[in-house]
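*Asks:* Supplied in structure tokens, the structure appears directly below.
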2 protein chains.
Amino acid sequence: MHQPILILMAMEAEAAPVGEALKLGPPQALNPQLPSRVRIGDVSGSATILVTHGRDDHFGVDAIGTQPAAVTAWAAATHYRPRLIINAGTAGGFARHGAAVGDVYLSDGPVVYHHRRIPLGAFEPYGIGSYPSMEAGPLARALNLKLGRLTTGDSLDLSDADARAIESSGASIKDMEGAAIAWVASVLSVPFLAVKSITDLVDAPHPTADQFMQNLDHAVSRLAGVMPQLIPLLATPA
Amino acid sequence: MHQPILILMAMEAEAAPVGEALKLGPPQALNPQLPSRVRIGDVSGSATILVTHGRDDHFGVDAIGTQPAAVTAWAAATHYRPRLIINAGTAGGFARHGAAVGDVYLSDGPVVYHHRRIPLGAFEPYGIGSYPSMEAGPLARALNLKLGRLTTGDSLDLSDADARAIESSGASIKDMEGAAIAWVASVLSVPFLAVKSITDLVDAPHPTADQFMQNLDHAVSRLAGVMPQLIPLLATPA
């Protein structure tokens, strides 16, 4: 088997339509000790593996956020040895950068954090991070997608401190997992790409949580439409 | 070999004196793909394994924070199958809870996060988290240590949002790794205990970073004094 493409997604509500659109198999356990679930299939001749974090046993919700993202990425990538790790999902966008709900972005340039503040010499840039994502310009042009810098934090809302960090990095896509997965990809020397569909405008007057619930289905449906076009363009090893 | 005790520590400057105090072996690689380092020894008849996150290759500093903590805990705990995971290190304390620099605390009650805000129904308590730590009252009394609730966030400083979350949880020890490690321990059904030596008072007028640098040696020396007393009390399987 060629090295597969590994797609990591945080929420089952995001992953189920993508798994169906890619005609992957039914979800099964990744690891007996993790709640993560895996769907496997072949897309245009490339083994394609979609892994979700799974459900937190204690709280009964999808295990979103950077800690489950990092552990799931590590467990899945050391097991499947992918040649590319894609983090697909939903994210916040910014009206000031021209985003609209349902826009699908590819990550452009290094992925950063906006919630890790360590004002202690060389720990400061470490906290912000800088994890490579693959050159996605040609893919964005071929599929008519947007490009933006991805920033990650562990909160759905936006604190004043988060807002300052995002202003400073110039990022235009805000999610809750990307940088943690890009960090694992960089540690394992595997190329990384994020594909994010916009559920909410972070700089709009309405709270993110309300917009998120209202727009989740639409954003996921846009993502599920894009993935079967995107994966074949990545399916031939270089 | 009995199941070992696994001690996880974020910084080499914290781990080296503890490794020496416990008479563990020299540091070696945990895993060819992770920068984590491991020191192994026998303490009062119990196999004892100290693992650090190691140095971030790109930024040249210790890989502190919850994402490396979670991955290192996962990689070390699935490899060594410990019967207890201890997160030892330094932390911030609170003058309003009676803390002084150099106090050593054991974690008491569930470990929580203060930086994961997800105001979306059942995701809100999931974000805060609630990860068990073992009953440490008898150990604290035997060794004359303090007990406190541990709260974790990815920043060394304290934003207004962090301060509100800590006020709300009533936590009295603030670190950057504990909850991520306690989460991995809970996923693997392994008991967890945090041992934290106070470098700075979060509610003091001086910035945490200045206090941290000034008091690190003293706090680490207190921790290195406590660990050889603590581990023998945990060394006999129940």
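Just so we're on the same page: first chain in the structure tokens is A, next is B, and so on; residues restart at 1 for each chain, and ligands are numbered from 1 in the order they show up.
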Quick one: contact table of chain A to chain B, 9 Å max, nearest atom pair and distance in Å to one decimal per residue, counting only C-alpha atoms, chain and number order, as JSON lines?
*Replies:*
```
{"residue": "A:Gln33", "atom": "CA", "partner": "B:Leu188", "partner_atom": "CA", "distance": 6.4}
{"residue": "A:Leu34", "atom": "CA", "partner": "B:Val187", "partner_atom": "CA", "distance": 7.0}
{"residue": "A:Pro35", "atom": "CA", "partner": "B:Val187", "partner_atom": "CA", "distance": 8.7}
{"residue": "A:Asp56", "atom": "CA", "partner": "B:Tyr126", "partner_atom": "CA", "distance": 8.2}
{"residue": "A:Asp57", "atom": "CA", "partner": "B:Val187", "partner_atom": "CA", "distance": 8.6}
{"residue": "A:His58", "atom": "CA", "partner": "B:Tyr126", "partner_atom": "CA", "distance": 8.4}
{"residue": "A:Phe59", "atom": "CA", "partner": "B:Tyr126", "partner_atom": "CA", "distance": 5.7}
{"residue": "A:Gly60", "atom": "CA", "partner": "B:Ala122", "partner_atom": "CA", "distance": 7.8}
{"residue": "A:Val61", "atom": "CA", "partner": "B:Phe123", "partner_atom": "CA", "distance": 6.5}
{"residue": "A:Asp62", "atom": "CA", "partner": "B:Phe123", "partner_atom": "CA", "distance": 8.2}
{"residue": "A:Ala63", "atom": "CA", "partner": "B:Tyr126", "partner_atom": "CA", "distance": 8.1}
{"residue": "A:Ile64", "atom": "CA", "partner": "B:Gly127", "partner_atom": "CA", "distance": 8.5}
{"residue": "A:Gly65", "atom": "CA", "partner": "B:Arg116", "partner_atom": "CA", "distance": 8.1}
{"residue": "A:Thr66", "atom": "CA", "partner": "B:Gln67", "partner_atom": "CA", "distance": 6.4}
{"residue": "A:Gln67", "atom": "CA", "partner": "B:Gln67", "partner_atom": "CA", "distance": 5.2}
{"residue": "A:Pro68", "atom": "CA", "partner": "B:Ala70", "partner_atom": "CA", "distance": 7.9}
{"residue": "A:Ala69", "atom": "CA", "partner": "B:Gln67", "partner_atom": "CA", "distance": 8.5}
{"residue": "A:Ala70", "atom": "CA", "partner": "B:Gln67", "partner_atom": "CA", "distance": 6.0}
{"residue": "A:Val71", "atom": "CA", "partner": "B:Val71", "partner_atom": "CA", "distance": 5.1}
{"residue": "A:Thr72", "atom": "CA", "partner": "B:Val71", "partner_atom": "CA", "distance": 8.8}
{"residue": "A:Trp74", "atom": "CA", "partner": "B:Val71", "partner_atom": "CA", "distance": 6.9}
{"residue": "A:Ala75", "atom": "CA", "partner": "B:Ala75", "partner_atom": "CA", "distance": 8.5}
{"residue": "A:His115", "atom": "CA", "partner": "B:Asp154", "partner_atom": "CA", "distance": 6.9}
{"residue": "A:Arg116", "atom": "CA", "partner": "B:Ser155", "partner_atom": "CA", "distance": 4.9}
{"residue": "A:Arg117", "atom": "CA", "partner": "B:Ser155", "partner_atom": "CA", "distance": 4.5}
{"residue": "A:Ile118", "atom": "CA", "partner": "B:Leu156", "partner_atom": "CA", "distance": 5.0}
{"residue": "A:Pro119", "atom": "CA", "partner": "B:Ala209", "partner_atom": "CA", "distance": 6.7}
{"residue": "A:Leu120", "atom": "CA", "partner": "B:Ala209", "partner_atom": "CA", "distance": 6.0}
{"residue": "A:Ala122", "atom": "CA", "partner": "B:Val61", "partner_atom": "CA", "distance": 6.8}
{"residue": "A:Phe123", "atom": "CA", "partner": "B:Val61", "partner_atom": "CA", "distance": 6.5}
{"residue": "A:Pro125", "atom": "CA", "partner": "B:Phe59", "partner_atom": "CA", "distance": 7.4}
{"residue": "A:Tyr126", "atom": "CA", "partner": "B:Phe59", "partner_atom": "CA", "distance": 5.7}
{"residue": "A:Gly127", "atom": "CA", "partner": "B:Ser155", "partner_atom": "CA", "distance": 8.0}
{"residue": "A:Gly129", "atom": "CA", "partner": "B:Phe59", "partner_atom": "CA", "distance": 8.4}
{"residue": "A:Ser130", "atom": "CA", "partner": "B:His58", "partner_atom": "CA", "distance": 8.8}
{"residue": "A:Gly153", "atom": "CA", "partner": "B:Arg116", "partner_atom": "CA", "distance": 8.3}
{"residue": "A:Asp154", "atom": "CA", "partner": "B:Arg116", "partner_atom": "CA", "distance": 5.0}
{"residue": "A:Ser155", "atom": "CA", "partner": "B:Arg117", "partner_atom": "CA", "distance": 4.5}
{"residue": "A:Leu156", "atom": "CA", "partner": "B:Ile118", "partner_atom": "CA", "distance": 5.0}
{"residue": "A:Asp157", "atom": "CA", "partner": "B:Arg117", "partner_atom": "CA", "distance": 6.6}
{"residue": "A:Leu158", "atom": "CA", "partner": "B:Arg117", "partner_atom": "CA", "distance": 8.9}
{"residue": "A:Ser159", "atom": "CA", "partner": "B:Ala161", "partner_atom": "CA", "distance": 6.7}
{"residue": "A:Asp160", "atom": "CA", "partner": "B:Ala161", "partner_atom": "CA", "distance": 8.3}
{"residue": "A:Ala161", "atom": "CA", "partner": "B:Ser159", "partner_atom": "CA", "distance": 6.7}
{"residue": "A:Ala180", "atom": "CA", "partner": "B:Gln67", "partner_atom": "CA", "distance": 6.5}
{"residue": "A:Trp183", "atom": "CA", "partner": "B:Gln67", "partner_atom": "CA", "distance": 8.8}
{"residue": "A:Val184", "atom": "CA", "partner": "B:Val71", "partner_atom": "CA", "distance": 8.8}
{"residue": "A:Val187", "atom": "CA", "partner": "B:Gln33", "partner_atom": "CA", "distance": 7.0}
{"residue": "A:Leu188", "atom": "CA", "partner": "B:Gln33", "partner_atom": "CA", "distance": 6.4}
{"residue": "A:Ala209", "atom": "CA", "partner": "B:Leu120", "partner_atom": "CA", "distance": 6.0}
{"residue": "A:Asp210", "atom": "CA", "partner": "B:Leu120", "partner_atom": "CA", "distance": 8.5}
{"residue": "A:Met213", "atom": "CA", "partner": "B:Leu120", "partner_atom": "CA", "distance": 8.7}
```
*Asks:* List as number ranges by chain the protein and nucleic acid residues near Arg96 of chain B, meaning an atom at most 9 Å away when only C-alpha atoms are counted, but skip any in the same chain fewer than 3 places from it.
*Replies:* B: 93, 99, 172, 203
*Asks:* For the selection you just gave me, I'd like the residues written to a file as a compact mmCIF listing (two decimals), in the first residue's frame, keeping C-alpha atoms.
*Replies:*
```txt
# COMPACT_ATOMS: atom_id res chain seq x y z
CA GLY B 93 0.46 30.02 43.68
CA ALA B 99 0.88 30.31 49.26
CA SER B 172 -4.94 27.47 44.10
CA ASP B 203 -1.82 37.62 42.51
```
*Asks:* Near Arg81 of chain B, within 10 Å and counting only C-alpha atoms, which residues show up once chain neighbours fewer than 5 positions away are dropped, as a list in words?
*Replies:*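 Close residues of Arg81 of chain B: His2, Gln3, Pro4, Ile5, Leu6, Ala76, Leu188 and Val190 of chain B.
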*Asks:* Ranking A:Gln229, A:Ser107, A:Thr52, A:Ser133 by minimum distance to Ala171 of chain A and counting only C-alpha atoms, which one comes first?
*Replies:*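 Comparing A:Gln229, A:Ser107, A:Thr52, A:Ser133 against Ala171 of chain A, the winner is A:Ser107.
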*Asks:* Do you know which residues are at most 7 Å from Thr152 of chain A counting only C-alpha atoms, after dropping those on the same chain fewer than 2 positions away, and could you put them as a list of chain:residue names?
*Replies:*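 Neighbouring residues, sequence-local ones excluded: A:Val112, A:Tyr113, A:His114, A:Leu150, A:Lys174, A:Asp175, A:Met176, A:Glu177, A:Gly178, A:Ala179.
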*Asks:* The selected residues should be written to file as a short mmCIF file (atom, residue, chain, number, x, y, z; two decimals), in the first residue's frame (atoms: N, CA and C atoms).
*Replies:*
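result-v5.cif was written with the following content:
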```cif
data_model
loop_
_atom_site.label_atom_id
_atom_site.label_comp_id
_atom_site.auth_asym_id
_atom_site.auth_seq_id
_atom_site.Cartn_x
_atom_site.Cartn_y
_atom_site.Cartn_z
N VAL A 112 -0.14 29.10 13.45
CA VAL A 112 0.28 29.65 14.75
C VAL A 112 -0.81 29.41 15.80
N TYR A 113 -0.44 29.68 17.06
CA TYR A 113 -1.40 29.70 18.16
C TYR A 113 -1.72 31.16 18.52
N HIS A 114 -2.93 31.38 19.05
CA HIS A 114 -3.21 32.72 19.59
C HIS A 114 -3.49 32.69 21.10
N LEU A 150 -3.79 30.28 9.26
CA LEU A 150 -4.59 29.63 10.30
C LEU A 150 -4.01 29.88 11.67
N LYS A 174 -9.62 31.07 12.21
CA LYS A 174 -9.46 30.77 13.64
C LYS A 174 -10.12 29.43 13.96
N ASP A 175 -9.31 28.47 14.41
CA ASP A 175 -9.90 27.17 14.76
C ASP A 175 -9.42 26.73 16.14
N MET A 176 -9.72 25.46 16.49
CA MET A 176 -9.39 24.96 17.82
C MET A 176 -8.48 23.74 17.79
N GLU A 177 -7.95 23.39 16.61
CA GLU A 177 -7.10 22.19 16.53
C GLU A 177 -5.88 22.31 15.63
N GLY A 178 -5.95 23.14 14.59
CA GLY A 178 -4.97 23.12 13.52
C GLY A 178 -3.51 23.16 13.94
N ALA A 179 -3.14 24.10 14.80
CA ALA A 179 -1.72 24.24 15.15
C ALA A 179 -1.20 23.01 15.89
#
```
*Asks:* Give the strand (DSSP E) residues of chain A, as DSSP finds them on the backbone, and put them as a PyMOL selection string.
*Replies:* chain A and resi 5-9+28-29+37-43+46-52+84-93+104-107+112-113+146-148+150-152+173-175+192-201
*Asks:* Got a sec: who's within 12 Å of Glu135 of chain B, counting only C-alpha atoms, leaving out chain neighbours fewer than 3 positions off, as a ChimeraX atom specification?
*Replies:* /B:106-110,132,138-141,147-149,191-194,234
*Asks:* Between atom CA of Glu14 of chain B and atom CA of Val111 of chain A, what is the distance, to one decimal in Å?
*Replies:*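 Atom-to-atom, atom CA of Glu14 of chain B to atom CA of Val111 of chain A, that is 29.4 Å.
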*Asks:* I need the residues of segment 38-222 of chain A that end up classed as alpha helix (DSSP H) by DSSP on the backbone, written out as a ChimeraX atom specification.
*Replies:* /A:66-80,123-128,137-143,160-169,178-187,208-222
*Asks:* Please report the interatomic distance between atom CA of His53 of chain A and atom CA of Met11 of chain A in Å with one decimal.
*Replies:*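 Computing the Euclidean distance for atom CA of His53 of chain A and atom CA of Met11 of chain A yields 7.2 Å.
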*Asks:* A:Ala95, A:Ala100, A:Leu50, A:Ala185: which is nearest Glu12 of chain A, counting only C-alpha atoms?
*Replies:*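 Closest residue, counting only C-alpha atoms: A:Leu50.
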*Asks:* Nearest to Val220 of chain A: which of A:Lys196, A:Arg37, A:His97, A:Lys146 is it, counting only C-alpha atoms?
*Replies:*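 Result for the nearest residue to Val220 of chain A: A:Lys196.
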